[in-house]
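Have a look at the structure below, then the notes.
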Amino acid sequence: MTVDRPIRTARELAVAGLIDTTAEEAVSRVASRYAVAITPAVADLIDRDDPNDPIARQFVPDPAELTFSPEERSDPIGDGEHSPVTGIVHRYPDRVLLKAVHVCPVYCRFCFRREMVGPQGLGTLTAAELDAAIGYIAGHRQIWEVILTGGDPLVLSPRRLAEMLGRLRAIEHVKVVRFHTRVPVVEAERIDADLIAALKASGKATYVALHANHPRELSAEARAAAARLIDAGIVMVSQTVLLKGVNDDPDVLAELMRGFVETRIKPYYLHHPDLAPGTGHFRLSIEEGQALAESLRGRVSGLCQPTYILDIPGGHGKAVVSANAISSGGCGSYTITDFRGNAHSYPPKG
Ligand SMILES: *Cc1c(COP(=O)(O)O)cnc(C)c1O
Ligand code: SF4
């Protein structure tokens, strides 16, 4: 069944055939804790006959989300510890996050900022807060890159985006503006000439990082939306979260990474899932993640290789967690492992 507007409640999920009516009450409890939204495009991607559908798993609430474990944190990557002014996260010297909005067109059930996004989340920056955030960027000459995230910055109207980005234009030391978004996949029709012009309104090198986790998300509409952005001179990269039951399979990951490259989107990051509350059913071990990341090596084009990373809990930043292909082999030499898993020795220097 096709829907014509976003699904936001347990009742609407049941009417759309995405949950069983017997599950409505349990799902309703989840929805009152963590925001729900499924756009028509995403609802169309879901196979109602597959109880393990990888798209449904990402967006349809699951009662398991109310099972919490002690290692989980409400702010898993420690945004709060590095926020000098509202809306800015400044963890690395040369770049800041600018979180202007905490609304998304869809709500991912594994979201690492699930306590901050949604109608009950941190909301949108006020005019005064935005002034202070832009003032912070202008006042710190080491800020080379501004990363708009949230929430999903592409839910803002082209007019508001253009106004905000126009203010970055005047800041000489900012050279790069990056957006993190799911819009090209989940609401591709938003990517029109007005929005594209707005994204470029800073006059800086403009990058869009697309969040997608399963090859079926790269529909014809999504690919066309990405092509519109890229043809307009915007560079696109990908980010994918490794998720149990969604993409923890070498063939699925390979197809996804190839899909990005076919769409001219360079695979950038493969994220180990964060310790967000109620997301234990999505998590896999580091060893499983390393084996999956390693499964791409050699088997698929070098263009298709993302960097496997995790965000260190507590706000210490991202770290590469790929299995190390090189180790000390004794007497100063090295042992290096090829993509088939065979070890070879490599001589020490000199
Ligand atoms: C992830 C993140 C970035 C971006 O990191 P890159 O490695 O440049 O993609 C920047 N600032 C903060 C606070 C982040 O969490
Ligand atoms: S789009 Fe990003 S911020 Fe929004 S719910 Fe999904 S993961 Fe969270």
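For the structure tokens, the naming scheme is as follows: chains receive sequential letters (A, B, ...) according to their order of presentation, residues are indexed from 1 within each chain, and ligands are indexed from 1 in presentation order.
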
Residues within 6 Å of ligand 2, counting only C-alpha atoms and all ligand atoms, as a VMD selection string: chain A and resid 104 107 to 108 111 113 150 to 152 182

Expected answer as a VMD selection string: residues within 10 Å of ligand 1, only C-alpha atoms and all ligand atoms: chain A and resid 77 to 83 88 to 98 145 to 149 178 180 209 239 268 to 269 309 to 312 315 to 320

Pick from A:Gln120, A:Glu221, A:Arg48, A:Asp248 nearest to Thr2 in chain A, counting only C-alpha atoms: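 Of all the options, A:Arg48 lies closest to Thr2 in chain A.
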
Selection near range 158-174 of chain A, 12 Å with only C-alpha atoms, sequence-local residues under 6 positions removed, as a PyMOL selection string: chain A and resi 94-96+98-101+124-125+127+130-131+133-148+152+190-206

Take the selection from the previous step and output its residues with N, CA and C atoms, as a tab-separated table (two decimals), in the first residue's frame.
chain	number	residue	atom	x	y	z
A	94	ASP	N	40.37	21.76	13.41
A	94	ASP	CA	40.11	22.46	12.14
A	94	ASP	C	38.67	22.38	11.65
A	95	ARG	N	37.78	21.77	12.42
A	95	ARG	CA	36.40	21.66	11.92
A	95	ARG	C	35.39	21.62	13.06
A	96	VAL	N	34.20	22.14	12.77
A	96	VAL	CA	33.12	22.12	13.77
A	96	VAL	C	31.86	21.53	13.16
A	98	LEU	N	27.92	22.16	12.98
A	98	LEU	CA	26.90	23.20	13.21
A	98	LEU	C	25.56	22.48	13.15
A	99	LYS	N	24.94	22.36	14.33
A	99	LYS	CA	23.67	21.63	14.41
A	99	LYS	C	22.54	22.64	14.53
A	100	ALA	N	22.02	23.02	13.36
A	100	ALA	CA	21.02	24.08	13.32
A	100	ALA	C	19.62	23.55	13.60
A	101	VAL	N	19.43	22.26	13.39
A	101	VAL	CA	18.07	21.70	13.46
A	101	VAL	C	18.16	20.26	14.00
A	124	THR	N	15.22	23.76	16.93
A	124	THR	CA	15.98	24.49	15.92
A	124	THR	C	16.61	25.70	16.60
A	125	LEU	N	17.80	26.08	16.16
A	125	LEU	CA	18.47	27.24	16.76
A	125	LEU	C	17.62	28.50	16.61
A	127	ALA	N	17.27	32.67	16.39
A	127	ALA	CA	18.08	33.65	15.65
A	127	ALA	C	19.30	34.06	16.47
A	130	LEU	N	21.82	31.20	16.56
A	130	LEU	CA	22.52	31.09	15.28
A	130	LEU	C	23.57	32.19	15.15
A	131	ASP	N	23.23	33.40	15.58
A	131	ASP	CA	24.20	34.50	15.57
A	131	ASP	C	25.44	34.12	16.38
A	133	ALA	N	26.50	31.11	17.15
A	133	ALA	CA	27.22	30.00	16.51
A	133	ALA	C	28.07	30.51	15.36
A	134	ILE	N	27.50	31.37	14.53
A	134	ILE	CA	28.26	31.93	13.40
A	134	ILE	C	29.40	32.81	13.94
A	135	GLY	N	29.10	33.52	15.02
A	135	GLY	CA	30.14	34.35	15.65
A	135	GLY	C	31.30	33.51	16.15
A	136	TYR	N	30.99	32.34	16.69
A	136	TYR	CA	32.04	31.44	17.17
A	136	TYR	C	32.94	31.01	16.01
A	137	ILE	N	32.29	30.64	14.89
A	137	ILE	CA	33.06	30.19	13.71
A	137	ILE	C	33.93	31.34	13.20
A	138	ALA	N	33.34	32.54	13.13
A	138	ALA	CA	34.09	33.70	12.64
A	138	ALA	C	35.26	34.04	13.56
A	139	GLY	N	35.10	33.76	14.84
A	139	GLY	CA	36.12	34.14	15.81
A	139	GLY	C	37.24	33.12	15.99
A	140	HIS	N	37.14	31.99	15.32
A	140	HIS	CA	38.17	30.95	15.47
A	140	HIS	C	38.79	30.64	14.12
A	141	ARG	N	39.97	31.21	13.91
A	141	ARG	CA	40.59	31.15	12.59
A	141	ARG	C	41.03	29.76	12.18
A	142	GLN	N	41.14	28.85	13.17
A	142	GLN	CA	41.57	27.49	12.82
A	142	GLN	C	40.43	26.67	12.21
A	143	ILE	N	39.20	27.20	12.20
A	143	ILE	CA	38.07	26.44	11.65
A	143	ILE	C	38.09	26.54	10.13
A	144	TRP	N	38.49	25.45	9.51
A	144	TRP	CA	38.66	25.36	8.07
A	144	TRP	C	37.41	24.78	7.41
A	145	GLU	N	36.66	23.97	8.19
A	145	GLU	CA	35.50	23.26	7.64
A	145	GLU	C	34.32	23.36	8.60
A	146	VAL	N	33.14	23.61	8.05
A	146	VAL	CA	31.90	23.63	8.84
A	146	VAL	C	31.03	22.47	8.35
A	147	ILE	N	30.62	21.62	9.30
A	147	ILE	CA	29.84	20.42	8.96
A	147	ILE	C	28.42	20.61	9.48
A	148	LEU	N	27.48	20.75	8.57
A	148	LEU	CA	26.08	20.91	8.99
A	148	LEU	C	25.44	19.55	9.18
A	152	ASP	N	18.73	16.62	10.40
A	152	ASP	CA	19.09	16.61	9.00
A	152	ASP	C	18.95	18.02	8.45
A	190	ARG	N	12.97	16.61	-2.66
A	190	ARG	CA	13.44	17.89	-2.09
A	190	ARG	C	14.66	18.45	-2.81
A	191	ILE	N	15.42	17.55	-3.45
A	191	ILE	CA	16.67	17.98	-4.09
A	191	ILE	C	16.33	18.63	-5.43
A	192	ASP	N	15.89	19.87	-5.36
A	192	ASP	CA	15.55	20.58	-6.60
A	192	ASP	C	16.52	21.76	-6.78
A	193	ALA	N	16.29	22.52	-7.82
A	193	ALA	CA	17.24	23.60	-8.17
A	193	ALA	C	17.39	24.61	-7.02
A	194	ASP	N	16.29	24.92	-6.34
A	194	ASP	CA	16.36	25.90	-5.24
A	194	ASP	C	17.22	25.38	-4.09
A	195	LEU	N	17.01	24.11	-3.74
A	195	LEU	CA	17.77	23.56	-2.63
A	195	LEU	C	19.26	23.47	-3.00
A	196	ILE	N	19.54	23.06	-4.23
A	196	ILE	CA	20.94	22.94	-4.65
A	196	ILE	C	21.62	24.31	-4.63
A	197	ALA	N	20.90	25.32	-5.11
A	197	ALA	CA	21.47	26.68	-5.08
A	197	ALA	C	21.75	27.09	-3.63
A	198	ALA	N	20.83	26.75	-2.72
A	198	ALA	CA	21.01	27.11	-1.32
A	198	ALA	C	22.23	26.41	-0.72
A	199	LEU	N	22.41	25.13	-1.05
A	199	LEU	CA	23.55	24.38	-0.50
A	199	LEU	C	24.88	25.01	-0.92
A	200	LYS	N	24.86	25.65	-2.10
A	200	LYS	CA	26.09	26.23	-2.63
A	200	LYS	C	26.25	27.71	-2.26
A	201	ALA	N	25.32	28.21	-1.44
A	201	ALA	CA	25.29	29.66	-1.18
A	201	ALA	C	26.49	30.17	-0.38
A	202	SER	N	27.28	29.26	0.22
A	202	SER	CA	28.45	29.72	0.96
A	202	SER	C	29.58	30.10	0.01
A	203	GLY	N	29.53	29.58	-1.22
A	203	GLY	CA	30.62	29.83	-2.16
A	203	GLY	C	31.88	29.02	-1.84
A	204	LYS	N	31.80	28.16	-0.83
A	204	LYS	CA	32.95	27.32	-0.45
A	204	LYS	C	32.87	25.99	-1.20
A	205	ALA	N	33.94	25.20	-1.12
A	205	ALA	CA	33.87	23.84	-1.65
A	205	ALA	C	32.78	23.12	-0.86
A	206	THR	N	31.80	22.54	-1.56
A	206	THR	CA	30.61	21.99	-0.90
A	206	THR	C	30.57	20.47	-1.05

Nearest residue to Leu242 in chain A from the set A:Pro105, A:Gly123, A:Pro40, A:Pro54 (distances using only C-alpha atoms): A:Pro54

I'd like a table as a Markdown table: residues in range 252-322 of chain A with an atom no more than 12 Å from range 222-226 of chain A, each row giving the shortest atom pair and its distance in Å to one decimal, only C-alpha atoms counted, sorted by chain and rising residue number.
| residue | atom | partner | partner_atom | distance |
| --- | --- | --- | --- | --- |
| A:Gly259 | CA | A:Arg223 | CA | 9.0 |
| A:Phe260 | CA | A:Arg223 | CA | 8.8 |
| A:Val261 | CA | A:Arg223 | CA | 10.8 |
| A:Glu262 | CA | A:Arg223 | CA | 9.0 |
| A:Thr263 | CA | A:Arg223 | CA | 6.0 |
| A:Arg264 | CA | A:Ala226 | CA | 8.2 |
| A:Ile265 | CA | A:Ala226 | CA | 8.0 |
| A:Lys266 | CA | A:Ala226 | CA | 11.7 |

Contacts of Gly329 in chain A within 12 Å, only C-alpha atoms, excl. fewer than 4 positions in-chain, as a PyMOL selection string: chain A and resi 333-337+343-348

Output C-alpha atoms of each residue in that selection to a file, as a compact mmCIF listing (two decimals), in the first residue's frame.
# COMPACT_ATOMS: atom_id res chain seq x y z
CA SER A 333 60.82 -7.72 9.75
CA TYR A 334 57.06 -7.58 9.22
CA THR A 335 54.32 -10.04 8.46
CA ILE A 336 51.76 -8.72 6.03
CA THR A 337 48.46 -10.40 5.21
CA ALA A 343 50.73 -14.12 5.40
CA HIS A 344 53.90 -12.86 3.69
CA SER A 345 57.07 -11.47 5.16
CA TYR A 346 58.25 -7.96 4.38
CA PRO A 347 61.86 -6.93 5.06
CA PRO A 348 62.96 -4.35 7.63

Residue contacts of Leu275 in chain A (12 Å, only C-alpha atoms) excluding same-chain residues fewer than 3 positions away, as number ranges by chain: A: 68-78, 110-114, 271-272, 278-285, 310-314

Prev. selection, C-alpha atoms, output as a short mmCIF file (atom, residue, chain, number, x, y, z; two decimals), in the first residue's frame:
data_model
loop_
_atom_site.label_atom_id
_atom_site.label_comp_id
_atom_site.auth_asym_id
_atom_site.auth_seq_id
_atom_site.Cartn_x
_atom_site.Cartn_y
_atom_site.Cartn_z
CA PHE A 68 18.48 -0.67 27.91
CA SER A 69 21.91 -1.88 28.97
CA PRO A 70 24.42 -0.29 31.33
CA GLU A 71 27.08 0.44 28.72
CA GLU A 72 24.66 2.60 26.71
CA ARG A 73 24.79 6.39 26.97
CA SER A 74 22.30 9.11 26.16
CA ASP A 75 25.11 11.10 24.46
CA PRO A 76 27.22 8.21 23.13
CA ILE A 77 29.79 10.28 21.25
CA GLY A 78 30.05 13.05 23.84
CA PHE A 110 19.61 3.13 15.89
CA CYS A 111 20.26 6.90 15.85
CA PHE A 112 23.25 7.93 17.99
CA ARG A 113 21.55 11.26 18.72
CA ARG A 114 18.14 9.71 19.44
CA HIS A 271 30.70 3.30 11.36
CA HIS A 272 30.71 0.77 14.13
CA GLY A 278 17.95 0.75 23.36
CA THR A 279 19.97 -0.22 20.29
CA GLY A 280 21.52 -3.47 21.52
CA HIS A 281 19.62 -5.49 18.91
CA PHE A 282 21.58 -3.65 16.18
CA ARG A 283 25.06 -4.02 17.61
CA LEU A 284 27.73 -6.46 16.53
CA SER A 285 31.18 -7.11 17.96
CA LEU A 310 34.20 3.99 15.73
CA ASP A 311 33.46 7.05 17.78
CA ILE A 312 35.16 6.60 21.13
CA PRO A 313 32.51 6.95 23.87
CA GLY A 314 32.92 10.10 25.92
#

Interatomic distance, CA of Asp49 in chain A to CA of Ala220 in chain A (Å, one decimal):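 CA of Ala220 in chain A lies at a distance of 22.1 Å from CA of Asp49 in chain A.
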
Selection: 8 Å around Ala254 in chain A, only C-alpha atoms, excl. self and same-chain fewer than 3 positions, as JSON, numbers by chain: {"A": [250, 251, 257, 258, 296, 300, 304]}
